[in-house]
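> Below you'll find start_8.pdb; it's PDB, C-alpha atoms.
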ATOM      1  CA  MET S  83       0.000   0.000   0.000
ATOM      2  CA  LYS S  84       1.070   3.571  -0.656
ATOM      3  CA  LYS S  85       2.404   5.550   2.248
ATOM      4  CA  VAL S  86       0.480   8.735   2.940
ATOM      5  CA  ALA S  87       2.156  11.990   3.954
ATOM      6  CA  LEU S  88       0.646  15.278   5.032
ATOM      7  CA  ILE S  89       2.620  18.486   4.403
ATOM      8  CA  THR S  90       1.627  21.763   6.003
ATOM      9  CA  GLY S  91       2.799  24.807   4.068
ATOM     10  CA  VAL S  92       2.788  22.799   0.843
ATOM     11  CA  ASN S  93       2.635  25.971  -1.244
ATOM     12  CA  GLY S  94       5.984  27.164   0.102
ATOM     13  CA  GLN S  95       9.424  26.468  -1.335
ATOM     14  CA  ASP S  96      10.196  23.455   0.878
ATOM     15  CA  GLY S  97       6.641  22.150   0.804
ATOM     16  CA  ALA S  98       6.536  22.074  -2.986
ATOM     17  CA  TYR S  99       9.908  20.341  -3.350
ATOM     18  CA  LEU S 100       9.052  17.840  -0.614
ATOM     19  CA  ALA S 101       5.718  17.044  -2.275
ATOM     20  CA  GLN S 102       7.523  16.442  -5.566
ATOM     21  CA  PHE S 103      10.084  14.199  -3.861
ATOM     22  CA  LEU S 104       7.470  12.130  -2.011
ATOM     23  CA  LEU S 105       5.332  11.698  -5.117
ATOM     24  CA  LYS S 106       8.377  10.233  -6.862
ATOM     25  CA  LYS S 107       8.670   7.878  -3.870
ATOM     26  CA  ASN S 108       5.112   6.758  -4.667
ATOM     27  CA  TYR S 109       3.534   8.490  -1.666
ATOM     28  CA  LYS S 110       0.026   9.818  -1.596
ATOM     29  CA  VAL S 111       0.504  13.477  -0.673
ATOM     30  CA  ILE S 112      -1.960  15.671   1.183
ATOM     31  CA  GLY S 113      -0.945  19.320   1.173
ATOM     32  CA  THR S 114      -2.409  21.928   3.476
ATOM     33  CA  SER S 115      -2.283  25.706   3.629
ATOM     34  CA  LYS S 116      -4.014  28.311   5.750
ATOM     35  CA  THR S 117      -6.112  29.755   2.928
ATOM     36  CA  ASN S 118      -6.022  27.000   0.280
ATOM     37  CA  SER S 119      -5.891  29.780  -2.328
ATOM     38  CA  LYS S 120      -5.181  28.583  -5.863
ATOM     39  CA  SER S 121      -3.324  31.830  -6.567
ATOM     40  CA  LYS S 122      -0.605  30.780  -4.097
ATOM     41  CA  ASN S 123       0.103  27.356  -5.536
ATOM     42  CA  TRP S 124       2.344  28.660  -8.350
ATOM     43  CA  ARG S 125       5.231  26.547  -7.083
ATOM     44  CA  LEU S 126       3.223  23.334  -7.407
ATOM     45  CA  LYS S 127       2.234  24.395 -10.910
ATOM     46  CA  ARG S 128       5.842  25.089 -11.908
ATOM     47  CA  LEU S 129       6.765  21.595 -10.719
ATOM     48  CA  LYS S 130       3.699  20.235 -12.542
ATOM     49  CA  ILE S 131       2.348  18.478  -9.486
ATOM     50  CA  ASP S 132      -0.606  20.750  -8.599
ATOM     51  CA  LYS S 133      -3.062  18.109  -9.836
ATOM     52  CA  LYS S 134      -1.265  15.296  -7.986
ATOM     53  CA  VAL S 135      -1.422  16.802  -4.494
ATOM     54  CA  ILE S 136      -4.646  16.628  -2.468
ATOM     55  CA  ASN S 137      -5.105  20.182  -1.220
ATOM     56  CA  CYS S 138      -7.025  21.129   1.891
ATOM     57  CA  LYS S 139      -7.275  24.028   4.302
ATOM     58  CA  LEU S 140      -5.674  23.834   7.738
ATOM     59  CA  ASN S 141      -5.455  26.521  10.409
ATOM     60  CA  LEU S 142      -2.836  25.626  13.027
ATOM     61  CA  ASN S 143      -4.417  28.128  15.416
ATOM     62  CA  ASN S 144      -7.570  26.007  15.528
ATOM     63  CA  LYS S 145      -7.355  22.730  17.467
ATOM     64  CA  LYS S 146     -10.716  21.490  16.176
ATOM     65  CA  ASN S 147      -9.542  22.042  12.613
ATOM     66  CA  ILE S 148      -6.361  20.046  13.314
ATOM     67  CA  ASP S 149      -8.317  17.175  14.876
ATOM     68  CA  TYR S 150     -10.672  17.204  11.885
ATOM     69  CA  ILE S 151      -7.766  16.751   9.456
ATOM     70  CA  PHE S 152      -6.355  13.895  11.542
ATOM     71  CA  ASN S 153      -9.705  12.118  11.502
ATOM     72  CA  LYS S 154     -10.447  12.771   7.832
ATOM     73  CA  TYR S 155      -7.152  11.503   6.440
ATOM     74  CA  ARG S 156      -5.146   8.481   7.487
ATOM     75  CA  PHE S 157      -1.516   9.387   7.019
ATOM     76  CA  ASP S 158       1.783   7.847   8.077
ATOM     77  CA  GLU S 159       3.998  10.932   8.137
ATOM     78  CA  PHE S 160       3.308  14.541   9.108
ATOM     79  CA  TYR S 161       5.722  17.222   7.844
ATOM     80  CA  ASN S 162       5.125  20.572   9.491
ATOM     81  CA  LEU S 163       6.620  23.216   7.205
ATOM     82  CA  ALA S 164       4.012  25.888   7.899
ATOM     83  CA  GLY S 165       4.466  29.067   9.864
ATOM     84  CA  HIS S 166       5.554  32.665   9.595
ATOM     85  CA  SER S 167       9.037  32.636   8.034
ATOM     86  CA  ILE S 168      10.148  36.248   7.566
ATOM     87  CA  VAL S 169      12.315  37.509  10.419
ATOM     88  CA  THR S 170      11.757  41.254   9.938
ATOM     89  CA  THR S 171       7.959  41.121   9.845
ATOM     90  CA  SER S 172       7.801  38.782  12.854
ATOM     91  CA  PHE S 173       8.525  41.824  15.030
ATOM     92  CA  LYS S 174       5.285  43.404  13.800
ATOM     93  CA  ASN S 175       3.257  40.184  13.939
ATOM     94  CA  TYR S 176       4.693  38.601  17.065
ATOM     95  CA  LEU S 177       1.314  37.459  18.419
ATOM     96  CA  ASN S 178       0.384  35.618  15.241
ATOM     97  CA  THR S 179       3.939  34.299  14.874
ATOM     98  CA  ALA S 180       3.886  32.824  18.380
ATOM     99  CA  ASN S 181       0.380  31.400  17.984
ATOM    100  CA  SER S 182       0.945  29.580  14.683
ATOM    101  CA  THR S 183       4.693  28.872  14.678
ATOM    102  CA  ALA S 184       4.985  27.936  18.369
ATOM    103  CA  MET S 185       1.592  26.862  19.720
ATOM    104  CA  GLY S 186       0.481  25.382  16.402
ATOM    105  CA  VAL S 187       3.123  22.690  16.822
ATOM    106  CA  VAL S 188       1.892  21.833  20.324
ATOM    107  CA  ARG S 189      -1.640  21.406  18.980
ATOM    108  CA  ILE S 190      -0.373  18.970  16.334
ATOM    109  CA  LEU S 191       1.710  17.010  18.841
ATOM    110  CA  ASP S 192      -1.246  16.840  21.219
ATOM    111  CA  SER S 193      -3.404  15.254  18.505
ATOM    112  CA  ILE S 194      -0.694  12.687  17.747
ATOM    113  CA  LYS S 195      -0.185  11.865  21.433
ATOM    114  CA  ASN S 196      -3.875  11.430  22.215
ATOM    115  CA  ASN S 197      -5.137   9.577  19.174
ATOM    116  CA  HIS S 198      -2.539   8.843  16.511
ATOM    117  CA  ARG S 199       0.671   7.625  18.122
ATOM    118  CA  LYS S 200       1.913   5.699  15.087
ATOM    119  CA  ILE S 201       2.216   8.846  12.988
ATOM    120  CA  LYS S 202       5.759  10.142  12.491
ATOM    121  CA  PHE S 203       6.178  13.895  12.919
ATOM    122  CA  TYR S 204       8.753  16.223  11.346
ATOM    123  CA  GLN S 205       9.199  19.783  12.630
ATOM    124  CA  ALA S 206      10.945  22.380  10.462
ATOM    125  CA  THR S 207      13.310  24.204  12.807
ATOM    126  CA  THR S 208      15.665  26.991  11.723
ATOM    127  CA  SER S 209      19.285  27.954  12.327
ATOM    128  CA  GLU S 210      17.898  31.268  13.614
ATOM    129  CA  ILE S 211      17.475  29.550  17.001
ATOM    130  CA  PHE S 212      21.242  29.844  17.488
ATOM    131  CA  GLY S 213      21.050  33.638  17.148
ATOM    132  CA  ASP S 214      24.090  35.434  18.526
ATOM    133  CA  SER S 215      26.088  32.310  19.176
ATOM    134  CA  ASN S 216      29.639  32.543  20.506
ATOM    135  CA  LYS S 217      30.636  29.649  18.261
ATOM    136  CA  LYS S 218      31.293  29.891  14.532
ATOM    137  CA  PHE S 219      30.123  26.359  13.740
ATOM    138  CA  GLN S 220      26.756  25.166  15.028
ATOM    139  CA  ASN S 221      25.757  21.560  15.702
ATOM    140  CA  GLU S 222      22.986  19.783  17.613
ATOM    141  CA  LYS S 223      24.660  20.544  20.966
ATOM    142  CA  THR S 224      25.249  24.266  20.416
ATOM    143  CA  ASP S 225      23.526  26.576  22.912
ATOM    144  CA  PHE S 226      20.439  28.429  21.706
ATOM    145  CA  ASN S 227      20.257  32.227  21.728
ATOM    146  CA  PRO S 228      17.350  33.405  19.513
ATOM    147  CA  LYS S 229      17.015  37.140  18.900
ATOM    148  CA  ASN S 230      13.665  37.662  17.154
ATOM    149  CA  PRO S 231      10.024  36.505  17.570
ATOM    150  CA  TYR S 232      10.308  34.072  14.668
ATOM    151  CA  ALA S 233      13.386  32.355  16.097
ATOM    152  CA  ILE S 234      11.978  32.318  19.642
ATOM    153  CA  SER S 235       8.759  30.706  18.394
ATOM    154  CA  LYS S 236      10.731  28.146  16.405
ATOM    155  CA  LEU S 237      12.849  27.307  19.433
ATOM    156  CA  PHE S 238       9.742  26.746  21.556
ATOM    157  CA  ALA S 239       8.378  24.385  18.881
ATOM    158  CA  HIS S 240      11.745  22.631  18.645
ATOM    159  CA  LEU S 241      11.960  22.031  22.394
ATOM    160  CA  MET S 242       8.339  20.886  22.616
ATOM    161  CA  THR S 243       8.931  18.414  19.783
ATOM    162  CA  ARG S 244      11.888  16.986  21.684
ATOM    163  CA  ASN S 245       9.880  16.930  24.915
ATOM    164  CA  PHE S 246       6.985  15.009  23.351
ATOM    165  CA  ARG S 247       9.454  12.532  21.872
ATOM    166  CA  GLU S 248      11.222  11.900  25.153
ATOM    167  CA  TYR S 249       8.262  12.087  27.548
ATOM    168  CA  TYR S 250       5.469  10.531  25.499
ATOM    169  CA  ASN S 251       7.611   8.229  23.360
ATOM    170  CA  ILE S 252       6.275   9.335  19.984
ATOM    171  CA  TYR S 253       8.274   9.561  16.749
ATOM    172  CA  ALA S 254       8.962  13.296  16.514
ATOM    173  CA  VAL S 255      12.052  14.919  15.006
ATOM    174  CA  SER S 256      13.331  18.398  14.166
ATOM    175  CA  GLY S 257      15.485  19.391  11.237
ATOM    176  CA  ILE S 258      17.571  22.452  12.139
ATOM    177  CA  LEU S 259      18.056  23.798   8.634
ATOM    178  CA  PHE S 260      20.396  26.607   7.655
ATOM    179  CA  ASN S 261      19.532  28.912   4.753
ATOM    180  CA  HIS S 262      18.468  27.012   1.670
ATOM    181  CA  GLU S 263      17.608  28.662  -1.625
ATOM    182  CA  SER S 264      16.145  27.725  -4.992
ATOM    183  CA  PRO S 265      14.226  29.049  -7.998
ATOM    184  CA  LEU S 266      11.102  28.608  -5.846
ATOM    185  CA  ARG S 267      12.300  31.011  -3.139
ATOM    186  CA  GLY S 268       9.989  33.938  -2.409
ATOM    187  CA  GLU S 269      10.964  37.258  -3.966
ATOM    188  CA  GLU S 270      11.240  38.837  -0.517
ATOM    189  CA  PHE S 271      14.382  36.765   0.122
ATOM    190  CA  VAL S 272      17.676  38.291  -1.003
ATOM    191  CA  THR S 273      18.909  35.451  -3.246
ATOM    192  CA  ARG S 274      15.796  35.338  -5.446
ATOM    193  CA  LYS S 275      15.575  39.137  -5.345
ATOM    194  CA  ILE S 276      19.118  39.348  -6.728
ATOM    195  CA  VAL S 277      18.584  36.799  -9.494
ATOM    196  CA  LYS S 278      15.238  38.137 -10.677
ATOM    197  CA  GLY S 279      16.308  41.767 -10.313
ATOM    198  CA  LEU S 280      19.442  41.390 -12.443
ATOM    199  CA  ILE S 281      17.589  39.423 -15.109
ATOM    200  CA  ASN S 282      14.955  42.168 -15.237
ATOM    201  CA  ILE S 283      17.660  44.835 -15.515
ATOM    202  CA  LEU S 284      19.302  42.919 -18.337
ATOM    203  CA  ASN S 285      15.975  42.932 -20.162
ATOM    204  CA  ASP S 286      15.104  46.584 -19.455
ATOM    205  CA  LYS S 287      12.279  45.702 -17.056
ATOM    206  CA  GLN S 288      13.992  47.215 -14.018
ATOM    207  CA  LYS S 289      16.520  50.036 -13.634
ATOM    208  CA  ILE S 290      18.310  49.296 -10.387
ATOM    209  CA  LEU S 291      18.649  46.565  -7.756
ATOM    210  CA  LYS S 292      18.738  47.834  -4.170
ATOM    211  CA  VAL S 293      20.330  45.626  -1.557
ATOM    212  CA  GLY S 294      21.280  45.744   2.129
ATOM    213  CA  ASN S 295      24.557  44.737   3.750
ATOM    214  CA  LEU S 296      26.829  43.374   1.013
ATOM    215  CA  ASP S 297      29.212  41.886   3.570
ATOM    216  CA  SER S 298      26.560  39.844   5.369
ATOM    217  CA  LYS S 299      27.438  36.145   5.107
ATOM    218  CA  ARG S 300      25.153  33.132   5.118
ATOM    219  CA  ASP S 301      25.464  29.358   4.965
ATOM    220  CA  TRP S 302      23.499  28.766   1.745
ATOM    221  CA  GLY S 303      22.364  25.388   0.428
ATOM    222  CA  PHE S 304      19.953  24.061  -2.200
ATOM    223  CA  ALA S 305      16.382  23.552  -0.970
ATOM    224  CA  LYS S 306      15.687  20.620  -3.272
ATOM    225  CA  GLU S 307      18.501  18.699  -1.571
ATOM    226  CA  TYR S 308      17.453  19.693   1.928
ATOM    227  CA  VAL S 309      13.919  18.302   1.650
ATOM    228  CA  GLN S 310      15.409  14.905   0.824
ATOM    229  CA  VAL S 311      17.117  14.766   4.202
ATOM    230  CA  MET S 312      13.780  15.578   5.874
ATOM    231  CA  TRP S 313      12.526  12.275   4.496
ATOM    232  CA  LYS S 314      15.732  10.485   5.517
ATOM    233  CA  MET S 315      15.239  11.670   9.091
ATOM    234  CA  MET S 316      11.750  10.176   9.120
ATOM    235  CA  GLN S 317      12.980   6.789   7.853
ATOM    236  CA  HIS S 318      15.675   6.380  10.493
ATOM    237  CA  LYS S 319      14.924   3.762  13.128
ATOM    238  CA  GLU S 320      15.578   6.094  16.052
ATOM    239  CA  PRO S 321      14.000   9.591  16.006
ATOM    240  CA  GLN S 322      16.723  12.229  16.325
ATOM    241  CA  ASP S 323      17.269  15.920  15.564
ATOM    242  CA  PHE S 324      19.792  16.969  12.920
ATOM    243  CA  VAL S 325      21.532  20.142  11.782
ATOM    244  CA  ILE S 326      21.402  20.418   7.985
ATOM    245  CA  SER S 327      23.757  22.838   6.226
ATOM    246  CA  SER S 328      26.351  23.311   3.507
ATOM    247  CA  GLY S 329      29.118  23.938   6.036
ATOM    248  CA  LYS S 330      30.341  27.013   4.148
ATOM    249  CA  ALA S 331      29.369  30.681   4.210
ATOM    250  CA  TYR S 332      29.502  33.343   1.512
ATOM    251  CA  SER S 333      28.691  37.057   1.401
ATOM    252  CA  VAL S 334      25.773  38.697  -0.368
ATOM    253  CA  LYS S 335      28.321  40.444  -2.606
ATOM    254  CA  TYR S 336      29.816  37.091  -3.616
ATOM    255  CA  PHE S 337      26.343  35.792  -4.491
ATOM    256  CA  ILE S 338      25.770  38.918  -6.602
ATOM    257  CA  ASP S 339      29.146  38.553  -8.327
ATOM    258  CA  LEU S 340      28.349  34.947  -9.259
ATOM    259  CA  THR S 341      24.972  36.035 -10.655
ATOM    260  CA  LEU S 342      26.559  38.866 -12.664
ATOM    261  CA  LYS S 343      29.074  36.421 -14.125
ATOM    262  CA  GLN S 344      26.371  33.883 -14.943
ATOM    263  CA  LEU S 345      24.408  36.585 -16.794
ATOM    264  CA  GLY S 346      27.465  37.969 -18.547
ATOM    265  CA  ILE S 347      27.118  41.432 -17.026
ATOM    266  CA  LYS S 348      30.485  43.180 -16.830
ATOM    267  CA  GLY S 349      31.459  46.215 -14.799
ATOM    268  CA  LYS S 350      33.004  47.197 -11.474
ATOM    269  CA  TRP S 351      32.173  48.024  -7.866
ATOM    270  CA  VAL S 352      32.875  51.568  -6.709
ATOM    271  CA  GLY S 353      32.615  53.245  -3.308
ATOM    272  CA  LYS S 354      33.154  51.912   0.183
ATOM    273  CA  LYS S 355      31.028  49.972   2.677
ATOM    274  CA  ASN S 356      27.377  51.116   2.559
ATOM    275  CA  LYS S 357      27.997  53.515  -0.320
ATOM    276  CA  ARG S 358      29.076  50.863  -2.759
ATOM    277  CA  LYS S 359      27.430  50.475  -6.136
ATOM    278  CA  PHE S 360      27.989  48.419  -9.257
ATOM    279  CA  ILE S 361      28.534  50.261 -12.537
ATOM    280  CA  THR S 362      28.429  48.410 -15.858
ATOM    281  CA  ASN S 363      30.916  48.885 -18.684
ATOM    282  CA  GLU S 364      28.213  51.026 -20.309
ATOM    283  CA  ASN S 365      28.481  53.350 -17.284
ATOM    284  CA  LYS S 366      25.076  52.421 -15.843
ATOM    285  CA  THR S 367      24.579  52.001 -12.094
ATOM    286  CA  ILE S 368      22.521  48.843 -11.694
ATOM    287  CA  ILE S 369      23.165  47.867  -8.053
ATOM    288  CA  ALA S 370      23.235  50.127  -5.003
ATOM    289  CA  VAL S 371      23.168  49.694  -1.232
ATOM    290  CA  SER S 372      20.026  51.034   0.435
ATOM    291  CA  PRO S 373      20.343  52.084   4.117
ATOM    292  CA  GLN S 374      16.683  51.113   4.632
ATOM    293  CA  LEU S 375      17.505  47.480   3.805
ATOM    294  CA  ILE S 376      20.335  47.149   6.310
ATOM    295  CA  ARG S 377      19.384  45.319   9.495
ATOM    296  CA  ARG S 378      19.773  47.310  12.704
ATOM    297  CA  LYS S 379      21.738  44.425  14.150
ATOM    298  CA  GLU S 380      23.580  41.978  11.948
ATOM    299  CA  TYR S 381      24.020  38.522  13.434
ATOM    300  CA  LYS S 382      27.393  36.935  13.924
ATOM    301  CA  LEU S 383      28.525  34.551  11.228
ATOM    302  CA  LEU S 384      26.838  31.174  11.701
ATOM    303  CA  ILE S 385      27.917  28.071   9.803
ATOM    304  CA  GLY S 386      26.280  24.699  10.222
ATOM    305  CA  ASN S 387      28.107  21.520  11.170
ATOM    306  CA  SER S 388      26.230  18.588   9.632
ATOM    307  CA  SER S 389      28.708  15.863  10.582
ATOM    308  CA  LYS S 390      25.988  13.975  12.483
ATOM    309  CA  ALA S 391      23.757  13.841   9.398
ATOM    310  CA  LYS S 392      26.706  12.745   7.266
ATOM    311  CA  LYS S 393      27.568   9.945   9.679
ATOM    312  CA  ILE S 394      24.126   8.642  10.620
ATOM    313  CA  LEU S 395      21.947   9.515   7.617
ATOM    314  CA  LYS S 396      24.720   9.209   5.017
ATOM    315  CA  TRP S 397      23.744  12.625   3.679
ATOM    316  CA  GLU S 398      25.824  15.532   2.506
ATOM    317  CA  PRO S 399      25.090  18.379   0.068
ATOM    318  CA  LYS S 400      26.180  18.020  -3.555
ATOM    319  CA  ILE S 401      25.179  21.431  -4.929
ATOM    320  CA  ASN S 402      27.712  24.163  -4.158
ATOM    321  CA  ILE S 403      26.969  27.881  -4.350
ATOM    322  CA  LYS S 404      28.165  28.242  -7.956
ATOM    323  CA  ARG S 405      25.834  25.490  -9.152
ATOM    324  CA  LEU S 406      23.052  26.924  -7.003
ATOM    325  CA  VAL S 407      23.342  30.326  -8.705
ATOM    326  CA  LYS S 408      23.432  28.678 -12.131
ATOM    327  CA  ILE S 409      20.287  26.674 -11.353
ATOM    328  CA  MET S 410      18.456  29.755 -10.063
ATOM    329  CA  VAL S 411      19.430  31.886 -13.071
ATOM    330  CA  GLU S 412      18.511  29.266 -15.660
ATOM    331  CA  GLU S 413      15.164  28.469 -14.035
ATOM    332  CA  GLU S 414      14.306  32.156 -13.604
ATOM    333  CA  LYS S 415      14.959  32.733 -17.295
ATOM    334  CA  LYS S 416      12.626  29.869 -18.172
ATOM    335  CA  PHE S 417       9.963  31.210 -15.849
ATOM    336  CA  LEU S 418      10.235  34.700 -17.353
ATOM    337  CA  ARG S 419      10.429  33.132 -20.837
ATOM    338  CA  ILE S 420      13.706  34.820 -21.683
TER     339      ILE S 420
END
Using the file provided, produce a representation of the structure as structure tokens.


Amino acid sequence: MKKVALITGVNGQDGAYLAQFLLKKNYKVIGTSKTNSKSKNWRLKRLKIDKKVINCKLNLNNKKNIDYIFNKYRFDEFYNLAGHSIVTTSFKNYLNTANSTAMGVVRILDSIKNNHRKIKFYQATTSEIFGDSNKKFQNEKTDFNPKNPYAISKLFAHLMTRNFREYYNIYAVSGILFNHESPLRGEEFVTRKIVKGLINILNDKQKILKVGNLDSKRDWGFAKEYVQVMWKMMQHKEPQDFVISSGKAYSVKYFIDLTLKQLGIKGKWVGKKNKRKFITNENKTIIAVSPQLIRRKEYKLLIGNSSKAKKILKWEPKINIKRLVKIMVEEEKKFLRI
């Protein structure tokens, strides 16, 4: 018989790639979202799986709604990828962030504990829970120090997942994922913003790309690879938490430079620090730093240590940052029909 998996946040980047991966594994996939709006399932359409996923509405703030979904569908695996995911706006929407991202997980775990103990549960945690860590490399034993409502809510959900696993003996795991990008990333995230912006500039659809701190570094991986390890975690005999990362960090400027090279745009950077801009050989300024986009407080450099996942799950990333940029540029061109 086919295994059945439920994915919350199926319309997001990770949800769409995970749905595609599980369908190839011959799973029956049930995808949920808060609104179930067809206008938001563009990622599923781009992957050509929108007709293969059973879509339904699920509000993690509503316990009755969660119980209804559990009783309506019989599934083997529950992947919770839903929740508020933008750090900056979580400061404005901290009540909603805490309710859905933190308490929503407790409501799910409560339903599993009380009525559906055989269901395996995956919680999408974030490297943001490490916050201002005193260590450069982060693993499963690194101390937590979250610095924003999103990260604090994710840490609460992470700890509750571990608590339910240890105290109630249910199969519940957390994947502590570092930044992972793809052509399906939202345009509000800097990597997709860079790729789409420069392609638009190249095709006279945009004049200038405004960015924040060029020197900010991140541990960037490929989302399509990272969802595969989510599944690997759920197949392991013993439920455990894992840090998933590329193990390397690069600056925003380096990501931009790779994108410029991939698009064949030539020129030079001028100015210093937050007054830098990129001028093409045709003497056009196409990239500039905007003070409004610079975070008040930039986090310390965090790089993930995924040695545990490499050893136990036999997983390690294959797509480096250069290939990631190439994939994002080529797919964006296809999407824009260029």

> Ranking S:Val277, S:Ile211, S:Leu88, S:Leu177 by minimum distance to S:Ala101 and counting all atoms listed in the file, which one comes first?

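Counting all atoms listed in the file, the residue closest to S:Ala101 is S:Leu88.
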
> What is the atom CA of S:Trp313-atom CA of S:Ala180 distance in Å, reported with one decimal?

26.3 Å

> Expand the PyMOL selection byres ((chain S and resi 203-209) around 6) into the explicit residue set it covers here, and present it as number ranges by chain.

S: 160-163, 202, 210-212, 236, 254-260

> Write the residues of the selection above to a file with C-alpha atoms, as a PDB file, in the frame of the given file.


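What ended up in again-v2.pdb:
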ATOM      1  CA  PHE S 160       3.308  14.541   9.108  1.00  0.00           C
ATOM      2  CA  TYR S 161       5.722  17.222   7.844  1.00  0.00           C
ATOM      3  CA  ASN S 162       5.125  20.572   9.491  1.00  0.00           C
ATOM      4  CA  LEU S 163       6.620  23.216   7.205  1.00  0.00           C
ATOM      5  CA  LYS S 202       5.759  10.142  12.491  1.00  0.00           C
ATOM      6  CA  GLU S 210      17.898  31.268  13.614  1.00  0.00           C
ATOM      7  CA  ILE S 211      17.475  29.550  17.001  1.00  0.00           C
ATOM      8  CA  PHE S 212      21.242  29.844  17.488  1.00  0.00           C
ATOM      9  CA  LYS S 236      10.731  28.146  16.405  1.00  0.00           C
ATOM     10  CA  ALA S 254       8.962  13.296  16.514  1.00  0.00           C
ATOM     11  CA  VAL S 255      12.052  14.919  15.006  1.00  0.00           C
ATOM     12  CA  SER S 256      13.331  18.398  14.166  1.00  0.00           C
ATOM     13  CA  GLY S 257      15.485  19.391  11.237  1.00  0.00           C
ATOM     14  CA  ILE S 258      17.571  22.452  12.139  1.00  0.00           C
ATOM     15  CA  LEU S 259      18.056  23.798   8.634  1.00  0.00           C
ATOM     16  CA  PHE S 260      20.396  26.607   7.655  1.00  0.00           C
TER      17      PHE S 260
END

> Selection in question (the file shown): the PyMOL selection byres ((chain S and resi 126) around 10). Which residues does it include, as a PyMOL selection string?

chain S and resi 92-95+97-99+101-102+122-125+127-135+266

> May I have the residues from that selection written out with C-alpha atoms, as a PDB file, in the frame of the given file?


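Everything below was put into result-v4.pdb:
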ATOM      1  CA  VAL S  92       2.788  22.799   0.843  1.00  0.00           C
ATOM      2  CA  ASN S  93       2.635  25.971  -1.244  1.00  0.00           C
ATOM      3  CA  GLY S  94       5.984  27.164   0.102  1.00  0.00           C
ATOM      4  CA  GLN S  95       9.424  26.468  -1.335  1.00  0.00           C
ATOM      5  CA  GLY S  97       6.641  22.150   0.804  1.00  0.00           C
ATOM      6  CA  ALA S  98       6.536  22.074  -2.986  1.00  0.00           C
ATOM      7  CA  TYR S  99       9.908  20.341  -3.350  1.00  0.00           C
ATOM      8  CA  ALA S 101       5.718  17.044  -2.275  1.00  0.00           C
ATOM      9  CA  GLN S 102       7.523  16.442  -5.566  1.00  0.00           C
ATOM     10  CA  LYS S 122      -0.605  30.780  -4.097  1.00  0.00           C
ATOM     11  CA  ASN S 123       0.103  27.356  -5.536  1.00  0.00           C
ATOM     12  CA  TRP S 124       2.344  28.660  -8.350  1.00  0.00           C
ATOM     13  CA  ARG S 125       5.231  26.547  -7.083  1.00  0.00           C
ATOM     14  CA  LYS S 127       2.234  24.395 -10.910  1.00  0.00           C
ATOM     15  CA  ARG S 128       5.842  25.089 -11.908  1.00  0.00           C
ATOM     16  CA  LEU S 129       6.765  21.595 -10.719  1.00  0.00           C
ATOM     17  CA  LYS S 130       3.699  20.235 -12.542  1.00  0.00           C
ATOM     18  CA  ILE S 131       2.348  18.478  -9.486  1.00  0.00           C
ATOM     19  CA  ASP S 132      -0.606  20.750  -8.599  1.00  0.00           C
ATOM     20  CA  LYS S 133      -3.062  18.109  -9.836  1.00  0.00           C
ATOM     21  CA  LYS S 134      -1.265  15.296  -7.986  1.00  0.00           C
ATOM     22  CA  VAL S 135      -1.422  16.802  -4.494  1.00  0.00           C
ATOM     23  CA  LEU S 266      11.102  28.608  -5.846  1.00  0.00           C
TER      24      LEU S 266
END

> Atom CA of S:Ile290 to atom CA of S:Ile401: how many Å, to one decimal?

29.2 Å

> Considering all atoms listed in the file, state which residue in the set S:Asn402, S:Asn251, S:Asn387, S:Gln288 is at the smallest distance from S:Phe324.

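Looking only at the distances to S:Phe324, the closest residue turns out to be S:Asn387.
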
> With the file shown as input, list the residues that the PyMOL selection byres ((chain S and resi 329) around 8) selects, as a PDB file with C-alpha atoms, keeping the file's coordinate frame.


ATOM      1  CA  ASP S 301      25.464  29.358   4.965  1.00  0.00           C
ATOM      2  CA  SER S 327      23.757  22.838   6.226  1.00  0.00           C
ATOM      3  CA  SER S 328      26.351  23.311   3.507  1.00  0.00           C
ATOM      4  CA  LYS S 330      30.341  27.013   4.148  1.00  0.00           C
ATOM      5  CA  ALA S 331      29.369  30.681   4.210  1.00  0.00           C
ATOM      6  CA  ILE S 385      27.917  28.071   9.803  1.00  0.00           C
ATOM      7  CA  GLY S 386      26.280  24.699  10.222  1.00  0.00           C
ATOM      8  CA  ASN S 387      28.107  21.520  11.170  1.00  0.00           C
ATOM      9  CA  SER S 388      26.230  18.588   9.632  1.00  0.00           C
TER      10      SER S 388
END

> Taking only C-alpha atoms into account, which of S:Gln310, S:Phe360, S:Asn365, S:Phe152 comes nearest S:Lys107?

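So, comparing all the options, the nearest one is S:Gln310.
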
> Between atom CA of S:Lys292 and atom CA of S:Leu418, what is the distance, to one decimal in Å?

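That distance, rounded to one decimal, is 20.5 Å.
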
> Given all atoms listed in the file as the basis, pick out the residue of S:Ser115, S:Thr362, S:Asn137, S:Asn221 nearest to S:Ile326.

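Checking each of S:Ser115, S:Thr362, S:Asn137, S:Asn221 against S:Ile326, counting all atoms listed in the file, the winner is S:Asn221.
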
> Under the rule that only C-alpha atoms are counted, which of S:Leu395, S:Leu375, S:Ile283, S:Ile368 is the nearest residue to S:Pro321?

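Nearest candidate to S:Pro321 out of S:Leu395, S:Leu375, S:Ile283, S:Ile368: S:Leu395.
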
> For stretch 215-220 of chain S, work out the shell of residues within 8 Å, counting all atoms listed in the file and skipping chain neighbours fewer than 2 positions away, then give it as a list in words.

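In the requested format, the answer is Phe212, Gly213, Glu222, Lys223, Thr224, Asp225, Phe226, Asn227, Val325, Lys382, Leu383, Leu384, Ile385, Gly386 and Asn387 of chain S.
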
> If you count only C-alpha atoms, which residues fall within 7 Å of S:Phe157, apart from same-chain ones fewer than 2 positions away, as a VMD selection string?

chain S and resid 86 to 88 155 159

> So, counting only C-alpha atoms, which residue among S:Tyr308, S:Phe246, S:Tyr253, S:Trp397 is closest to S:Phe103?

S:Tyr308
